[in-house]
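Here's the structure we're looking at; comments come further down.
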Amino acid sequence: MKTKWIVLWAIIVRELRRFLQQRSRFFGALVRPLIWLMVFAAGFRAALGIAITPPYETYITYDVYIVPGLVGMVQLFNGMQNSLSMVYDREMGSMRVLLTSPQPLPFLLFARLFAGMCVSLLQVYAFLLIARLSGVDLPWNGFLSVLPALVLTGLMLGAAGMVVSSQVRQIENFAGVMNFVVFPVFFLSSALYPLWKMQEGSEWVYQLCRFNPFTDAVEMIRFALYGQWDSAAASHTVIATAVCLTLALLGYRPRQRA
Amino acid sequence: MSAALAIEALSHRYGERLALDQVSLTVEAGQCCILLGPNGAGKSTLFGLLSRLLAVKSGRITVFGQPLQAAALSRVGVVFQQSTLDLDLTVEQNLSYFGALHGMHGKALAQRIGEELERLDLAARRRDRVRDLNGGHRRRVEIARALLHRPALLLLDEPTVGLDLPSRQFLIGHLHRLVRNEGLALLWATHLIDEIDAQHDHVALLHRGRLLASGAVAPLLAEAGCADLAGWFDLRTGAVS
């Protein structure tokens with residue numbers, strides 16, 4: 001058991017080292033949601049009011065509404081970045097070092113997933129801190145209560161990224177995959193607009209949003225930021241994580257992974 | 001005593017194409033077995049199977065008598081043809097990461113890293129980023145890494161490709177010393193005949209997925225009536241060595 005902890009810690013440290021050395025990746029991860037928050041949300045702030053719906057107990061401004069969605073965006077992009085990193089590692093060969101260690105494959109993949117999730121936490125907390133300091137009304141205690149939701153979301157989106165990486169054979173194909181995966185997942189969710197607003201606009205878009213696991217993740221984060229736990233969203237996220245992990249394991253079986 | 005590596009009737013297909021056909025080979029402790037073969041002979045497929053990157057579907061591989069499962073890899077070191085170092089990390093960080101994957105940690109790991117870097121004349125580069133090393137030094141780091149957990153069997157897939165002569169000679173000398181002095185078993189894939197120590201090494205010749213011959217060099221040459229390995233290689237494969 002001790003060996004497993006040593007391996008897990010080594011993989012986390014490696015991913016954090018790589019992330020912190022790639023400063024452009026760190027700033028890129030922050031700039032994207034901050035632009036949405038400062039530009040997009042500021043523009044809509046006057047035009048779009050959000051009615052009182054749980055977990056909010058009063059009317060909120062649009063920039064408050066959009067923060068959980070942008071947190072999800074940070075983790076979504078990190079999951080895909082992690083996936084790209086796995087394709088890169090496979091092409092450059094360093095994935096082989098991991099896969100030829102005397103540890104069971106499911107444990108190695110989980111350790112890699114967990115390490116990617118830890119990297120996403122760094123990005124999310126940096127984003128939340130900047131958002132809070134720039135005037136977005138977020139409760140300070142939400143920084144702690146949101147942690148379990150962030151862990152779960154990070155694992156789900158990381159596992160989804162692993163599924164993608166197990167199927168993408170060449171790094172050149174990755175940009176196309178990103179467009180096909182990231183944008184539909186993000187826009188067809190409650191990240192930018194409440195679901196009831198979607199339903200007013202289009203029933204089928206609403207249904208797509210409802211069954212998008214990313215919607216559950218965003219709602220789970222939204223509630224957790226205010227110290228509440230959305231059990232339905234959390235259980236859907238757990239199921240989606242389990243499905244993605246299983247698919248990733250199948251994708252990385254030895255016959256396919258050389 | 002069980003062989004360090006025993007391969008029995010190993011076959012592998014990529015779809016319809018048969019890449020390995022009933023290959024059987026044994027490598028004993030303290031033996032350097034050079035796996036010769038022209039490009040496309042099946043060497044990399046064999047290494048993929050030996051390192052568990054490919055699944056064995058037909059045939060059997062044992063390491064010191066144990067079936068080749070994840071745990072058995074703790075006795076095996078692998079150096080792939082393609083570099084597998086993390087360029088953005090330092091030499092020490094690369095080695096620490098690998099050591100931890102094998103359950104090593106703390107002072108014992110730091111000491112092992114120091115020992116291996118010393119033996120490969122890399123101690124001064126310990127804190128340099130791998131990106132800043134030349135090809136020969138990167139290869140040395142890969143070999144230090146593969147030996148870090150004290151494997152009893154080392155698999156090398158064309159480790160000297162792209163290296164200049166002094167770097168090649170250094171690595172060849174170092175690896176042969178490990179076999180002679182420490183009883184390491186070595187399976188070394190190459191297509192460079194001058195890397196073979198004809199006095200001591202064993203040779204296995206792979207061609208179009210089939211093992212054409214294996215054994216000590218002198219009997220193989222005598223049997224084929226050849227004066228040297230280059231002539232023997234050409235005769236058996238029809239290739240230009």
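Chain labels A, B, ... are given in the sequence in which chains occur in the structure tokens; within each chain residues are numbered consecutively from 1, and ligands are likewise numbered from 1 in the order shown.
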Select, as a count of residues only, those residues of chain A with any atom no more than 10 Å from chain B (distances computed using only C-alpha atoms). 41
Using DSSP on the backbone coordinates, identify all residues within region 130-196 of chain B classified as alpha helix (DSSP H); present the result as a ChimeraX atom specification. /B:135-147,165-182
Hey, what's within 12 Å of Arg17 (chain B) if we count only C-alpha atoms and toss same-chain stuff fewer than 3 positions away? As a ChimeraX atom specification, please? /B:11-14,20-21,40,42,208-209
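Residues surrounding region 190-203 of chain A within 7 Å are Ile66, Pro68, Gly69, Leu70, Cys209, Thr215 and Val218 of chain A [only C-alpha atoms; sequence separation below 6 positions excluded].
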Output as JSON lines one row per residue of region 115-165 of chain A within 12 Å of region 174-177 of chain A: the closest atom pair and its distance in Å to one decimal place, counting only C-alpha atoms, sorted by chain and residue number ascending.
{"residue": "A:Gly161", "atom": "CA", "partner": "A:Val177", "partner_atom": "CA", "distance": 10.5}
{"residue": "A:Val163", "atom": "CA", "partner": "A:Val177", "partner_atom": "CA", "distance": 11.7}
{"residue": "A:Val164", "atom": "CA", "partner": "A:Val177", "partner_atom": "CA", "distance": 8.0}
{"residue": "A:Ser165", "atom": "CA", "partner": "A:Phe174", "partner_atom": "CA", "distance": 8.7}
Show me, as an MDAnalysis selection string, the residues that have an atom within 9 Å of Glu195 (chain B) when counting only C-alpha atoms, minus same-chain residues fewer than 6 positions from it. chainID B and resid 34 168:169 172
Within 6 Å of region 143-160 of chain A, counting only C-alpha atoms, which residues qualify if same-chain residues fewer than 3 places away don't, as a PyMOL selection string? chain A and resi 75-76+79+113+117+140+163+217+221+224-225+227+241+244-245
How about saving the chosen residues, C-alpha atoms kept, as an mmCIF file, in the first residue's frame?
data_model
loop_
_atom_site.group_PDB
_atom_site.id
_atom_site.type_symbol
_atom_site.label_atom_id
_atom_site.label_comp_id
_atom_site.auth_asym_id
_atom_site.auth_seq_id
_atom_site.Cartn_x
_atom_site.Cartn_y
_atom_site.Cartn_z
ATOM 1 C CA GLN A 75 -11.769 22.263 -15.398
ATOM 2 C CA LEU A 76 -13.107 21.283 -18.812
ATOM 3 C CA GLY A 79 -9.255 17.946 -18.695
ATOM 4 C CA LEU A 113 -6.271 11.364 -13.537
ATOM 5 C CA MET A 117 -7.427 17.041 -11.139
ATOM 6 C CA TRP A 140 -15.382 33.344 1.193
ATOM 7 C CA VAL A 163 -11.303 8.646 -23.216
ATOM 8 C CA ALA A 217 -21.149 19.344 -12.693
ATOM 9 C CA ILE A 221 -20.349 23.546 -8.147
ATOM 10 C CA ALA A 224 -21.410 23.876 -3.276
ATOM 11 C CA LEU A 225 -20.159 27.470 -3.594
ATOM 12 C CA GLY A 227 -22.501 25.586 1.146
ATOM 13 C CA THR A 241 -17.029 9.649 -13.994
ATOM 14 C CA CYS A 244 -15.639 7.637 -18.554
ATOM 15 C CA LEU A 245 -13.070 5.822 -16.394
#
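Atom to atom, CA of Asp128 (chain B) and CA of Arg150 (chain B) stand 23.7 Å apart.
Among B:Gly15, B:Pro151, B:Gly37, B:Gly136, the residue with the shortest atom-to-atom distance to Ala230 (chain B), counting only C-alpha atoms, is B:Gly37.
Pairwise distance (CA of Leu30 (chain A), CA of Asn78 (chain A)) equals 10.8 Å.
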Taking 5 positions as the minimum chain separation for residues in the same chain, which residues sit within 7 Å of Ala41 (chain A) when counting only C-alpha atoms? Answer as a list of chain:residue names. A:Trp36, A:Tyr62, A:Asp63
Keeping only C-alpha atoms, take the residues you just selected and write them out as a PDB file, in the first residue's frame.
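Contents of part01.pdb, as written:
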ATOM      1  CA  TRP A  36     -15.547  35.741 -20.161  1.00  0.00           C
ATOM      2  CA  TYR A  62     -25.076  37.853 -14.205  1.00  0.00           C
ATOM      3  CA  ASP A  63     -21.398  37.811 -13.263  1.00  0.00           C
TER       4      ASP A  63
END
Which value, in Å to one decimal, gives the distance between CA of Leu84 (chain A) and CA of Glu15 (chain A)? 13.2 Å
